[in-house]
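The structure file my_file.cif is reproduced below (mmCIF, C-alpha atoms).
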```cif
data_my_file
#
loop_
_atom_site.group_PDB
_atom_site.id
_atom_site.type_symbol
_atom_site.label_atom_id
_atom_site.label_comp_id
_atom_site.auth_asym_id
_atom_site.auth_seq_id
_atom_site.Cartn_x
_atom_site.Cartn_y
_atom_site.Cartn_z
ATOM 1 C CA MET P 1 26.725 -9.359 -55.635
ATOM 2 C CA ASN P 2 23.571 -8.037 -53.967
ATOM 3 C CA SER P 3 22.387 -7.287 -50.444
ATOM 4 C CA VAL P 4 18.854 -7.476 -49.122
ATOM 5 C CA LYS P 5 17.559 -3.958 -48.583
ATOM 6 C CA THR P 6 16.400 -2.864 -45.163
ATOM 7 C CA GLN P 7 14.918 0.280 -43.721
ATOM 8 C CA ASN P 8 17.589 2.852 -42.895
ATOM 9 C CA PRO P 9 17.808 2.718 -39.077
ATOM 10 C CA GLY P 10 19.507 6.091 -38.728
ATOM 11 C CA ALA P 11 18.924 9.705 -39.666
ATOM 12 C CA SER P 12 16.558 10.359 -42.562
ATOM 13 C CA VAL P 13 17.472 12.020 -45.840
ATOM 14 C CA GLU P 14 15.767 15.195 -44.614
ATOM 15 C CA ALA P 15 17.762 15.207 -41.376
ATOM 16 C CA ILE P 16 21.080 14.758 -43.196
ATOM 17 C CA GLN P 17 20.290 17.448 -45.749
ATOM 18 C CA HIS P 18 19.219 19.807 -42.933
ATOM 19 C CA HIS P 19 22.871 19.974 -41.938
ATOM 20 C CA TYR P 20 25.022 19.117 -44.943
ATOM 21 C CA ASP P 21 23.027 20.960 -47.609
ATOM 22 C CA VAL P 22 23.164 24.384 -45.974
ATOM 23 C CA SER P 23 25.434 25.627 -48.771
ATOM 24 C CA ASN P 24 28.545 24.174 -50.407
ATOM 25 C CA ASP P 25 29.995 27.678 -50.630
ATOM 26 C CA PHE P 26 29.387 28.238 -46.913
ATOM 27 C CA TYR P 27 31.356 25.147 -45.939
ATOM 28 C CA ARG P 28 34.165 26.091 -48.308
ATOM 29 C CA ILE P 29 34.636 29.331 -46.351
ATOM 30 C CA TRP P 30 35.819 27.592 -43.191
ATOM 31 C CA LEU P 31 36.914 24.095 -44.213
ATOM 32 C CA ASP P 32 40.272 23.580 -45.933
ATOM 33 C CA SER P 33 40.690 23.451 -49.710
ATOM 34 C CA THR P 34 39.936 19.697 -49.798
ATOM 35 C CA ASN P 35 36.481 20.314 -48.257
ATOM 36 C CA THR P 36 37.082 17.719 -45.551
ATOM 37 C CA TYR P 37 34.491 17.911 -42.753
ATOM 38 C CA SER P 38 35.774 15.627 -40.001
ATOM 39 C CA SER P 39 38.576 15.649 -37.456
ATOM 40 C CA ALA P 40 42.067 16.030 -38.860
ATOM 41 C CA LEU P 41 45.116 14.056 -37.694
ATOM 42 C CA TRP P 42 47.590 16.623 -36.435
ATOM 43 C CA GLU P 43 51.311 16.875 -36.016
ATOM 44 C CA GLU P 44 52.808 19.878 -34.290
ATOM 45 C CA ASN P 45 53.484 22.287 -37.161
ATOM 46 C CA ASP P 46 50.654 21.255 -39.486
ATOM 47 C CA ASP P 47 48.256 23.592 -41.185
ATOM 48 C CA LEU P 48 44.670 22.381 -41.577
ATOM 49 C CA GLU P 49 44.997 20.982 -45.098
ATOM 50 C CA LEU P 50 48.133 18.984 -44.272
ATOM 51 C CA ALA P 51 46.489 17.543 -41.150
ATOM 52 C CA GLN P 52 43.385 16.579 -43.132
ATOM 53 C CA LEU P 53 45.437 14.856 -45.816
ATOM 54 C CA ARG P 54 47.338 13.004 -43.087
ATOM 55 C CA LYS P 55 43.987 11.791 -41.703
ATOM 56 C CA ILE P 56 42.841 10.582 -45.120
ATOM 57 C CA ASP P 57 46.164 8.818 -45.704
ATOM 58 C CA PHE P 58 45.871 7.199 -42.276
ATOM 59 C CA HIS P 59 42.516 5.639 -43.128
ATOM 60 C CA ILE P 60 43.632 4.535 -46.587
ATOM 61 C CA GLU P 61 46.615 2.816 -45.001
ATOM 62 C CA ARG P 62 44.554 1.222 -42.221
ATOM 63 C CA ALA P 63 41.998 -0.057 -44.749
ATOM 64 C CA ARG P 64 44.825 -1.592 -46.841
ATOM 65 C CA ALA P 65 43.321 0.235 -49.822
ATOM 66 C CA LYS P 66 46.467 1.169 -51.767
ATOM 67 C CA GLY P 67 46.377 -0.236 -55.302
ATOM 68 C CA ALA P 68 42.945 -1.792 -54.769
ATOM 69 C CA LYS P 69 40.497 -2.423 -57.569
ATOM 70 C CA ARG P 70 37.375 -1.192 -55.736
ATOM 71 C CA VAL P 71 37.030 0.838 -52.511
ATOM 72 C CA LEU P 72 33.817 2.024 -50.837
ATOM 73 C CA ASP P 73 33.592 5.282 -48.878
ATOM 74 C CA VAL P 74 30.473 5.297 -46.667
ATOM 75 C CA GLY P 75 29.550 8.910 -45.968
ATOM 76 C CA CYS P 76 31.924 10.318 -48.572
ATOM 77 C CA GLY P 77 31.363 14.033 -47.921
ATOM 78 C CA TRP P 78 32.599 16.206 -50.772
ATOM 79 C CA GLY P 79 34.870 13.460 -52.080
ATOM 80 C CA SER P 80 38.291 14.238 -50.617
ATOM 81 C CA THR P 81 39.009 10.604 -49.698
ATOM 82 C CA LEU P 82 37.717 9.306 -53.049
ATOM 83 C CA LYS P 83 39.992 11.730 -54.933
ATOM 84 C CA ARG P 84 42.993 10.754 -52.825
ATOM 85 C CA LEU P 85 42.298 7.057 -53.387
ATOM 86 C CA VAL P 86 42.228 7.243 -57.177
ATOM 87 C CA GLU P 87 44.727 10.065 -57.791
ATOM 88 C CA ILE P 88 47.452 9.200 -55.259
ATOM 89 C CA TYR P 89 46.938 5.595 -54.144
ATOM 90 C CA GLY P 90 46.304 3.843 -57.453
ATOM 91 C CA VAL P 91 42.759 2.684 -56.712
ATOM 92 C CA GLU P 92 40.952 1.761 -59.929
ATOM 93 C CA HIS P 93 37.422 2.655 -58.822
ATOM 94 C CA GLY P 94 36.138 4.562 -55.803
ATOM 95 C CA VAL P 95 32.460 4.455 -54.821
ATOM 96 C CA GLY P 96 31.028 7.010 -52.421
ATOM 97 C CA LEU P 97 27.707 6.945 -50.559
ATOM 98 C CA THR P 98 26.034 10.080 -49.229
ATOM 99 C CA LEU P 99 22.503 11.243 -48.400
ATOM 100 C CA SER P 100 23.466 14.871 -49.085
ATOM 101 C CA LYS P 101 22.342 16.021 -52.522
ATOM 102 C CA ALA P 102 24.713 18.980 -52.336
ATOM 103 C CA GLN P 103 27.663 16.672 -51.727
ATOM 104 C CA ALA P 104 26.596 14.205 -54.434
ATOM 105 C CA ASP P 105 26.178 17.017 -56.971
ATOM 106 C CA TRP P 106 29.592 18.418 -56.050
ATOM 107 C CA ILE P 107 31.336 15.065 -56.600
ATOM 108 C CA ALA P 108 29.407 14.385 -59.800
ATOM 109 C CA SER P 109 30.523 17.779 -61.145
ATOM 110 C CA LEU P 110 34.142 16.592 -60.949
ATOM 111 C CA ASN P 111 33.368 14.210 -63.837
ATOM 112 C CA HIS P 112 36.126 11.910 -62.621
ATOM 113 C CA PRO P 113 36.024 8.637 -64.583
ATOM 114 C CA GLN P 114 37.252 6.575 -61.609
ATOM 115 C CA ILE P 115 34.856 8.030 -59.030
ATOM 116 C CA GLU P 116 31.206 7.049 -58.657
ATOM 117 C CA VAL P 117 28.915 8.743 -56.151
ATOM 118 C CA LYS P 118 25.546 7.366 -55.101
ATOM 119 C CA LEU P 119 22.831 9.374 -53.351
ATOM 120 C CA GLU P 120 21.731 6.514 -51.127
ATOM 121 C CA SER P 121 21.948 5.063 -47.646
ATOM 122 C CA TRP P 122 24.297 2.195 -46.833
ATOM 123 C CA SER P 123 21.149 0.213 -46.043
ATOM 124 C CA ASP P 124 20.078 0.442 -49.707
ATOM 125 C CA HIS P 125 23.492 -0.217 -51.213
ATOM 126 C CA SER P 126 23.739 -3.334 -53.397
ATOM 127 C CA PRO P 127 27.095 -3.515 -55.180
ATOM 128 C CA LYS P 128 27.465 -5.746 -58.219
ATOM 129 C CA GLU P 129 31.042 -6.616 -57.289
ATOM 130 C CA PRO P 130 32.780 -6.950 -53.917
ATOM 131 C CA TYR P 131 35.071 -4.275 -52.494
ATOM 132 C CA ASP P 132 38.699 -4.668 -51.490
ATOM 133 C CA ALA P 133 38.380 -2.128 -48.654
ATOM 134 C CA ILE P 134 35.830 0.114 -46.935
ATOM 135 C CA ILE P 135 36.423 3.507 -45.337
ATOM 136 C CA SER P 136 33.853 5.437 -43.314
ATOM 137 C CA ILE P 137 34.750 8.797 -41.767
ATOM 138 C CA GLY P 138 32.194 10.838 -39.849
ATOM 139 C CA ALA P 139 29.081 8.938 -40.942
ATOM 140 C CA PHE P 140 28.593 6.394 -38.156
ATOM 141 C CA GLU P 141 27.294 9.207 -35.911
ATOM 142 C CA HIS P 142 24.104 9.214 -38.012
ATOM 143 C CA PHE P 143 23.374 5.475 -37.924
ATOM 144 C CA ALA P 144 21.067 5.527 -34.863
ATOM 145 C CA LYS P 145 18.269 7.786 -33.695
ATOM 146 C CA PRO P 146 18.202 9.364 -30.196
ATOM 147 C CA ASP P 147 15.024 7.525 -29.132
ATOM 148 C CA PHE P 148 16.506 4.084 -29.812
ATOM 149 C CA SER P 149 17.033 1.697 -26.940
ATOM 150 C CA GLU P 150 20.506 0.276 -26.444
ATOM 151 C CA SER P 151 19.482 -2.984 -28.082
ATOM 152 C CA GLN P 152 17.968 -1.148 -31.092
ATOM 153 C CA LYS P 153 21.163 0.843 -31.563
ATOM 154 C CA ILE P 154 23.347 -2.225 -31.464
ATOM 155 C CA GLU P 155 21.032 -4.070 -33.839
ATOM 156 C CA GLY P 156 21.282 -1.221 -36.359
ATOM 157 C CA TYR P 157 25.057 -1.002 -36.033
ATOM 158 C CA ARG P 158 25.357 -4.758 -36.371
ATOM 159 C CA THR P 159 23.335 -4.663 -39.580
ATOM 160 C CA PHE P 160 25.835 -2.127 -40.935
ATOM 161 C CA PHE P 161 28.806 -4.327 -40.029
ATOM 162 C CA GLN P 162 27.122 -7.386 -41.520
ATOM 163 C CA ARG P 163 26.571 -5.447 -44.748
ATOM 164 C CA CYS P 164 30.225 -4.403 -44.799
ATOM 165 C CA HIS P 165 31.180 -8.047 -44.264
ATOM 166 C CA ASP P 166 29.002 -9.085 -47.209
ATOM 167 C CA TRP P 167 30.446 -6.383 -49.471
ATOM 168 C CA LEU P 168 34.102 -7.103 -48.744
ATOM 169 C CA LYS P 169 36.365 -9.693 -50.296
ATOM 170 C CA PRO P 170 37.823 -12.272 -47.871
ATOM 171 C CA GLY P 171 40.490 -10.664 -45.701
ATOM 172 C CA GLY P 172 39.173 -7.160 -46.381
ATOM 173 C CA TRP P 173 39.504 -4.296 -43.918
ATOM 174 C CA VAL P 174 37.318 -1.431 -42.682
ATOM 175 C CA SER P 175 38.767 1.819 -41.377
ATOM 176 C CA LEU P 176 36.203 3.710 -39.309
ATOM 177 C CA GLN P 177 36.237 7.175 -37.740
ATOM 178 C CA THR P 178 33.402 8.337 -35.530
ATOM 179 C CA ILE P 179 32.593 10.692 -32.697
ATOM 180 C CA ALA P 180 31.446 8.723 -29.639
ATOM 181 C CA HIS P 181 29.974 9.357 -26.231
ATOM 182 C CA GLY P 182 32.843 9.860 -23.814
ATOM 183 C CA ASN P 183 32.632 10.620 -20.118
ATOM 184 C CA CYS P 184 28.915 11.360 -20.138
ATOM 185 C CA ARG P 185 25.523 9.757 -20.557
ATOM 186 C CA LYS P 186 23.258 10.223 -23.561
ATOM 187 C CA GLN P 187 20.786 12.253 -21.521
ATOM 188 C CA ASP P 188 23.557 14.713 -20.631
ATOM 189 C CA MET P 189 24.138 15.718 -24.256
ATOM 190 C CA SER P 190 23.064 19.147 -25.511
ATOM 191 C CA LYS P 191 19.486 19.500 -26.739
ATOM 192 C CA PHE P 192 20.723 22.286 -29.052
ATOM 193 C CA ILE P 193 23.049 19.900 -30.928
ATOM 194 C CA GLY P 194 20.344 17.239 -31.210
ATOM 195 C CA ASP P 195 17.546 19.558 -32.302
ATOM 196 C CA ASP P 196 19.250 22.295 -34.329
ATOM 197 C CA ILE P 197 22.474 20.803 -35.683
ATOM 198 C CA PHE P 198 22.250 17.010 -36.077
ATOM 199 C CA PRO P 199 18.583 15.982 -35.826
ATOM 200 C CA GLU P 200 17.720 12.269 -35.664
ATOM 201 C CA SER P 201 21.308 11.329 -34.782
ATOM 202 C CA ASP P 202 22.845 9.760 -31.694
ATOM 203 C CA LEU P 203 26.460 8.900 -30.944
ATOM 204 C CA PRO P 204 27.715 5.372 -30.300
ATOM 205 C CA THR P 205 29.871 4.265 -27.394
ATOM 206 C CA ILE P 206 33.013 2.164 -27.729
ATOM 207 C CA ALA P 207 31.032 -0.694 -26.183
ATOM 208 C CA ASP P 208 28.281 -0.352 -28.822
ATOM 209 C CA ILE P 209 30.807 -0.718 -31.630
ATOM 210 C CA ALA P 210 32.564 -3.657 -30.011
ATOM 211 C CA LYS P 211 29.292 -5.469 -29.354
ATOM 212 C CA ALA P 212 27.860 -4.793 -32.815
ATOM 213 C CA SER P 213 30.968 -5.942 -34.672
ATOM 214 C CA GLU P 214 31.877 -9.036 -32.640
ATOM 215 C CA ARG P 215 32.164 -12.278 -34.635
ATOM 216 C CA VAL P 216 31.832 -10.208 -37.843
ATOM 217 C CA PHE P 217 34.955 -8.046 -37.680
ATOM 218 C CA GLU P 218 38.077 -8.267 -35.566
ATOM 219 C CA ILE P 219 38.988 -4.903 -34.039
ATOM 220 C CA VAL P 220 42.729 -4.602 -34.647
ATOM 221 C CA THR P 221 43.497 -0.990 -33.650
ATOM 222 C CA LEU P 222 41.524 1.623 -31.742
ATOM 223 C CA GLN P 223 42.640 5.087 -30.727
ATOM 224 C CA ASN P 224 40.849 7.999 -29.096
ATOM 225 C CA ASP P 225 42.042 11.267 -30.648
ATOM 226 C CA ARG P 226 39.628 13.695 -29.035
ATOM 227 C CA GLU P 227 42.362 16.350 -28.704
ATOM 228 C CA HIS P 228 42.746 16.260 -32.480
ATOM 229 C CA TYR P 229 39.083 17.137 -32.922
ATOM 230 C CA GLU P 230 39.376 19.937 -30.376
ATOM 231 C CA ARG P 231 42.213 21.432 -32.426
ATOM 232 C CA THR P 232 40.302 20.951 -35.699
ATOM 233 C CA LEU P 233 37.227 22.702 -34.314
ATOM 234 C CA LYS P 234 39.376 25.562 -33.021
ATOM 235 C CA VAL P 235 40.757 26.140 -36.520
ATOM 236 C CA TRP P 236 37.328 25.844 -38.163
ATOM 237 C CA LEU P 237 35.826 28.352 -35.738
ATOM 238 C CA ASN P 238 38.670 30.829 -36.285
ATOM 239 C CA ARG P 239 38.302 30.512 -40.062
ATOM 240 C CA LEU P 240 34.538 31.057 -39.854
ATOM 241 C CA LYS P 241 34.998 34.141 -37.675
ATOM 242 C CA ALA P 242 37.683 35.520 -40.004
ATOM 243 C CA ASN P 243 35.273 35.206 -42.947
ATOM 244 C CA ARG P 244 32.101 35.978 -41.043
ATOM 245 C CA GLU P 245 30.882 38.802 -43.263
ATOM 246 C CA GLN P 246 31.053 36.619 -46.372
ATOM 247 C CA ALA P 247 29.359 33.738 -44.521
ATOM 248 C CA VAL P 248 26.468 35.949 -43.420
ATOM 249 C CA LYS P 249 25.937 37.081 -47.030
ATOM 250 C CA LEU P 250 25.646 33.435 -48.079
ATOM 251 C CA VAL P 251 23.435 31.926 -45.373
ATOM 252 C CA GLY P 252 22.340 34.735 -43.047
ATOM 253 C CA GLU P 253 23.185 35.844 -39.522
ATOM 254 C CA GLU P 254 21.067 33.215 -37.776
ATOM 255 C CA VAL P 255 22.779 30.263 -39.469
ATOM 256 C CA VAL P 256 26.276 31.664 -38.914
ATOM 257 C CA ALA P 257 25.569 32.326 -35.219
ATOM 258 C CA LYS P 258 24.199 28.788 -34.876
ATOM 259 C CA TYR P 259 27.342 27.288 -36.394
ATOM 260 C CA GLU P 260 29.612 29.406 -34.211
ATOM 261 C CA LYS P 261 27.750 28.148 -31.156
ATOM 262 C CA TYR P 262 27.892 24.534 -32.363
ATOM 263 C CA LEU P 263 31.610 24.581 -33.182
ATOM 264 C CA ASN P 264 32.452 26.184 -29.851
ATOM 265 C CA PHE P 265 30.217 23.783 -27.924
ATOM 266 C CA CYS P 266 31.818 20.744 -29.551
ATOM 267 C CA LYS P 267 35.313 22.141 -28.997
ATOM 268 C CA ILE P 268 34.562 22.260 -25.258
ATOM 269 C CA GLY P 269 33.061 18.752 -25.329
ATOM 270 C CA PHE P 270 36.207 17.242 -26.811
ATOM 271 C CA HIS P 271 38.387 19.245 -24.429
ATOM 272 C CA ILE P 272 36.665 17.954 -21.285
ATOM 273 C CA GLY P 273 36.083 14.444 -22.629
ATOM 274 C CA THR P 274 32.307 14.267 -22.879
ATOM 275 C CA MET P 275 32.928 13.317 -26.518
ATOM 276 C CA ASP P 276 35.602 11.026 -27.911
ATOM 277 C CA LEU P 277 36.981 10.722 -31.443
ATOM 278 C CA LEU P 278 37.532 7.077 -32.327
ATOM 279 C CA ARG P 279 39.659 5.771 -35.185
ATOM 280 C CA ILE P 280 39.237 2.015 -35.553
ATOM 281 C CA SER P 281 40.665 -0.506 -37.993
ATOM 282 C CA MET P 282 38.814 -3.789 -38.385
ATOM 283 C CA ARG P 283 39.615 -6.977 -40.274
ATOM 284 C CA ARG P 284 36.863 -9.085 -41.824
ATOM 285 C CA ILE P 285 36.335 -12.411 -40.069
ATOM 286 C CA ASP P 286 36.059 -14.729 -43.039
ATOM 287 C CA ASN P 287 34.351 -17.569 -41.184
ATOM 288 C CA PRO P 288 32.203 -15.837 -38.566
ATOM 289 C CA ARG P 289 30.551 -17.855 -35.826
ATOM 290 C CA ASN P 290 26.908 -17.224 -35.035
#
```
Serialized structure, structure tokens:
Amino acid sequence: MNSVKTQNPGASVEAIQHHYDVSNDFYRIWLDSTNTYSSALWEENDDLELAQLRKIDFHIERARAKGAKRVLDVGCGWGSTLKRLVEIYGVEHGVGLTLSKAQADWIASLNHPQIEVKLESWSDHSPKEPYDAIISIGAFEHFAKPDFSESQKIEGYRTFFQRCHDWLKPGGWVSLQTIAHGNCRKQDMSKFIGDDIFPESDLPTIADIAKASERVFEIVTLQNDREHYERTLKVWLNRLKANREQAVKLVGEEVVAKYEKYLNFCKIGFHIGTMDLLRISMRRIDNPRN
């Protein structure tokens, strides 16, 4: 099967690599051993790795991906979900998309026969066979630029959902995790985050996602776990501070100070509710109405 290619409406390759290609070794200092860079799903006595694995398992379950032939991970990071799919959940073939060369090289170095990573945008993806399930964790935040109007954002998001619909087998599911605007307006967001940390990226709202997916996917579950991201950021920041000397040797004082500021800023945002953390499961509408 093939999809018509379209211009990537979100952050450019350069903007993504600005953040994610800082240094694989740098991220390994303060992420857990699975190299998972998104909000965990916590229970009371969890350590970071256990909470991250619980989050991955949650999305695999919500996407109905267990035992599937083919599963797509849009924004696959360093491959933790892909590895879990094929090694624990009996998936025959996992395909990951990323615009980060560092992440793609890392996954490729695993030489895992059941994992395929592609250095490409979702907007350029043209699978030869349909997928049984799609998972996307922490990528949707990069699918729209800050200068987009509301209608442009929704149009871009809708194109993504239409692509997912085309790629999935009838009855297929998507499990999506994304940061979203909470109790604030876009113009209230930090210029530092937009300019220095995540250039060319803007967050969706719940309403954007609902509007963009209507008549293409049925939203079945939605939960806002912003407190879980606050806790995740707290742990990341503590781990970075505990290994600060090593981090500075890798990337320099300026980069480390910037990341400390960013992690602390986001921790506050999730605490006060200016940012939400959405986990959404969606079922493909097999006969969508126009």
_Residues returned when the PyMOL selection byres ((chain P and resi 15-24) around 12) runs on this file, as a PyMOL selection string_ = chain P and resi 10-14+25-31+35-37+75-78+98-107+119-121+139+141-143+145+193-201+247-252+255-256+258-259+262
*Excluding region 222-236 of chain P and any residue of its chain fewer than 5 positions from it, enumerate the residues within 10 Å of it, using all atoms listed in the file, and give them as a PyMOL selection string.*
chain P and resi 27+29-32+37-43+47-48+51-52+176-180+182+206+241-242+260+262-282
*asked:* As a check of understanding, name the residues that the PyMOL selection byres ((chain P and resi 158) around 10) selects in the supplied structure, as a PyMOL selection string.
replied: chain P and resi 152-157+159-164+208-214+216
Kindly resolve the PyMOL selection byres ((chain P and resi 132) around 10) on the present coordinates and return the residues as a PDB file with C-alpha atoms, in the coordinates of the input.
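Output file out05.pdb is given in full below:
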```pdb
ATOM      1  CA  ALA P  63      41.998  -0.057 -44.749  1.00  0.00           C
ATOM      2  CA  ARG P  64      44.825  -1.592 -46.841  1.00  0.00           C
ATOM      3  CA  ALA P  65      43.321   0.235 -49.822  1.00  0.00           C
ATOM      4  CA  LYS P  66      46.467   1.169 -51.767  1.00  0.00           C
ATOM      5  CA  GLY P  67      46.377  -0.236 -55.302  1.00  0.00           C
ATOM      6  CA  ALA P  68      42.945  -1.792 -54.769  1.00  0.00           C
ATOM      7  CA  LYS P  69      40.497  -2.423 -57.569  1.00  0.00           C
ATOM      8  CA  ARG P  70      37.375  -1.192 -55.736  1.00  0.00           C
ATOM      9  CA  VAL P  71      37.030   0.838 -52.511  1.00  0.00           C
ATOM     10  CA  LEU P  72      33.817   2.024 -50.837  1.00  0.00           C
ATOM     11  CA  VAL P  91      42.759   2.684 -56.712  1.00  0.00           C
ATOM     12  CA  GLU P 129      31.042  -6.616 -57.289  1.00  0.00           C
ATOM     13  CA  PRO P 130      32.780  -6.950 -53.917  1.00  0.00           C
ATOM     14  CA  TYR P 131      35.071  -4.275 -52.494  1.00  0.00           C
ATOM     15  CA  ALA P 133      38.380  -2.128 -48.654  1.00  0.00           C
ATOM     16  CA  ILE P 134      35.830   0.114 -46.935  1.00  0.00           C
ATOM     17  CA  TRP P 167      30.446  -6.383 -49.471  1.00  0.00           C
ATOM     18  CA  LEU P 168      34.102  -7.103 -48.744  1.00  0.00           C
ATOM     19  CA  LYS P 169      36.365  -9.693 -50.296  1.00  0.00           C
ATOM     20  CA  PRO P 170      37.823 -12.272 -47.871  1.00  0.00           C
ATOM     21  CA  GLY P 171      40.490 -10.664 -45.701  1.00  0.00           C
ATOM     22  CA  GLY P 172      39.173  -7.160 -46.381  1.00  0.00           C
ATOM     23  CA  TRP P 173      39.504  -4.296 -43.918  1.00  0.00           C
ATOM     24  CA  VAL P 174      37.318  -1.431 -42.682  1.00  0.00           C
TER      25      VAL P 174
END
```
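Among the candidates P:Ser136, P:Thr34, P:Asn243, P:Thr221, the residue lying nearest to Ser80 (chain P) is P:Thr34 (atoms considered: only C-alpha atoms).
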*asked:* What does the structure give for the distance between CA of Ile88 (chain P) and CA of Arg239 (chain P), in Å to one decimal?
replied: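 Separating CA of Ile88 (chain P) from CA of Arg239 (chain P) is a distance of 27.7 Å.
Straight-line separation from CA of Ala144 (chain P) to CA of Asp202 (chain P): 5.6 Å.
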*asked:* My list of candidates is P:Thr205, P:Tyr89, P:Lys261, P:Pro113. Which is closest to Phe192 (chain P) when distances are computed with all atoms listed in the file?
replied: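 Under the stated criterion, the closest residue is P:Lys261.
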Can you fill out region 56-77 of chain P with N, CA and C atoms and hand it back as a PDB file, keeping the file's coordinate frame?
```pdb
ATOM      1  N   ILE P  56      43.299  11.404 -43.999  1.00  0.00           N
ATOM      2  CA  ILE P  56      42.841  10.582 -45.120  1.00  0.00           C
ATOM      3  C   ILE P  56      43.840   9.473 -45.416  1.00  0.00           C
ATOM      4  N   ASP P  57      45.121   9.820 -45.451  1.00  0.00           N
ATOM      5  CA  ASP P  57      46.164   8.818 -45.704  1.00  0.00           C
ATOM      6  C   ASP P  57      46.163   7.738 -44.628  1.00  0.00           C
ATOM      7  N   PHE P  58      45.936   8.138 -43.402  1.00  0.00           N
ATOM      8  CA  PHE P  58      45.871   7.199 -42.276  1.00  0.00           C
ATOM      9  C   PHE P  58      44.796   6.145 -42.521  1.00  0.00           C
ATOM     10  N   HIS P  59      43.611   6.586 -42.925  1.00  0.00           N
ATOM     11  CA  HIS P  59      42.516   5.639 -43.128  1.00  0.00           C
ATOM     12  C   HIS P  59      42.739   4.764 -44.363  1.00  0.00           C
ATOM     13  N   ILE P  60      43.319   5.330 -45.401  1.00  0.00           N
ATOM     14  CA  ILE P  60      43.632   4.535 -46.587  1.00  0.00           C
ATOM     15  C   ILE P  60      44.634   3.440 -46.235  1.00  0.00           C
ATOM     16  N   GLU P  61      45.623   3.806 -45.432  1.00  0.00           N
ATOM     17  CA  GLU P  61      46.615   2.816 -45.001  1.00  0.00           C
ATOM     18  C   GLU P  61      45.983   1.753 -44.111  1.00  0.00           C
ATOM     19  N   ARG P  62      45.165   2.175 -43.154  1.00  0.00           N
ATOM     20  CA  ARG P  62      44.554   1.222 -42.221  1.00  0.00           C
ATOM     21  C   ARG P  62      43.562   0.295 -42.918  1.00  0.00           C
ATOM     22  N   ALA P  63      42.932   0.776 -43.995  1.00  0.00           N
ATOM     23  CA  ALA P  63      41.998  -0.057 -44.749  1.00  0.00           C
ATOM     24  C   ALA P  63      42.703  -0.950 -45.764  1.00  0.00           C
ATOM     25  N   ARG P  64      44.032  -0.821 -45.861  1.00  0.00           N
ATOM     26  CA  ARG P  64      44.825  -1.592 -46.841  1.00  0.00           C
ATOM     27  C   ARG P  64      44.275  -1.366 -48.255  1.00  0.00           C
ATOM     28  N   ALA P  65      44.008  -0.096 -48.577  1.00  0.00           N
ATOM     29  CA  ALA P  65      43.321   0.235 -49.822  1.00  0.00           C
ATOM     30  C   ALA P  65      44.260   0.582 -50.975  1.00  0.00           C
ATOM     31  N   LYS P  66      45.525   0.774 -50.717  1.00  0.00           N
ATOM     32  CA  LYS P  66      46.467   1.169 -51.767  1.00  0.00           C
ATOM     33  C   LYS P  66      46.478   0.139 -52.901  1.00  0.00           C
ATOM     34  N   GLY P  67      46.324   0.632 -54.136  1.00  0.00           N
ATOM     35  CA  GLY P  67      46.377  -0.236 -55.302  1.00  0.00           C
ATOM     36  C   GLY P  67      45.180  -1.149 -55.482  1.00  0.00           C
ATOM     37  N   ALA P  68      44.120  -0.915 -54.712  1.00  0.00           N
ATOM     38  CA  ALA P  68      42.945  -1.792 -54.769  1.00  0.00           C
ATOM     39  C   ALA P  68      42.147  -1.556 -56.047  1.00  0.00           C
ATOM     40  N   LYS P  69      41.372  -2.550 -56.407  1.00  0.00           N
ATOM     41  CA  LYS P  69      40.497  -2.423 -57.569  1.00  0.00           C
ATOM     42  C   LYS P  69      39.269  -1.579 -57.237  1.00  0.00           C
ATOM     43  N   ARG P  70      38.607  -1.883 -56.110  1.00  0.00           N
ATOM     44  CA  ARG P  70      37.375  -1.192 -55.736  1.00  0.00           C
ATOM     45  C   ARG P  70      37.387  -0.875 -54.245  1.00  0.00           C
ATOM     46  N   VAL P  71      37.094   0.396 -53.910  1.00  0.00           N
ATOM     47  CA  VAL P  71      37.030   0.838 -52.511  1.00  0.00           C
ATOM     48  C   VAL P  71      35.735   1.605 -52.306  1.00  0.00           C
ATOM     49  N   LEU P  72      35.059   1.340 -51.199  1.00  0.00           N
ATOM     50  CA  LEU P  72      33.817   2.024 -50.837  1.00  0.00           C
ATOM     51  C   LEU P  72      34.086   3.033 -49.734  1.00  0.00           C
ATOM     52  N   ASP P  73      33.538   4.242 -49.903  1.00  0.00           N
ATOM     53  CA  ASP P  73      33.592   5.282 -48.878  1.00  0.00           C
ATOM     54  C   ASP P  73      32.158   5.556 -48.431  1.00  0.00           C
ATOM     55  N   VAL P  74      31.821   5.125 -47.215  1.00  0.00           N
ATOM     56  CA  VAL P  74      30.473   5.297 -46.667  1.00  0.00           C
ATOM     57  C   VAL P  74      30.396   6.641 -45.949  1.00  0.00           C
ATOM     58  N   GLY P  75      29.595   7.551 -46.497  1.00  0.00           N
ATOM     59  CA  GLY P  75      29.550   8.910 -45.968  1.00  0.00           C
ATOM     60  C   GLY P  75      30.709   9.704 -46.536  1.00  0.00           C
ATOM     61  N   CYS P  76      30.728   9.867 -47.854  1.00  0.00           N
ATOM     62  CA  CYS P  76      31.924  10.318 -48.572  1.00  0.00           C
ATOM     63  C   CYS P  76      32.123  11.823 -48.563  1.00  0.00           C
ATOM     64  N   GLY P  77      31.199  12.584 -47.955  1.00  0.00           N
ATOM     65  CA  GLY P  77      31.363  14.033 -47.921  1.00  0.00           C
ATOM     66  C   GLY P  77      31.464  14.616 -49.315  1.00  0.00           C
TER      67      GLY P  77
END
```
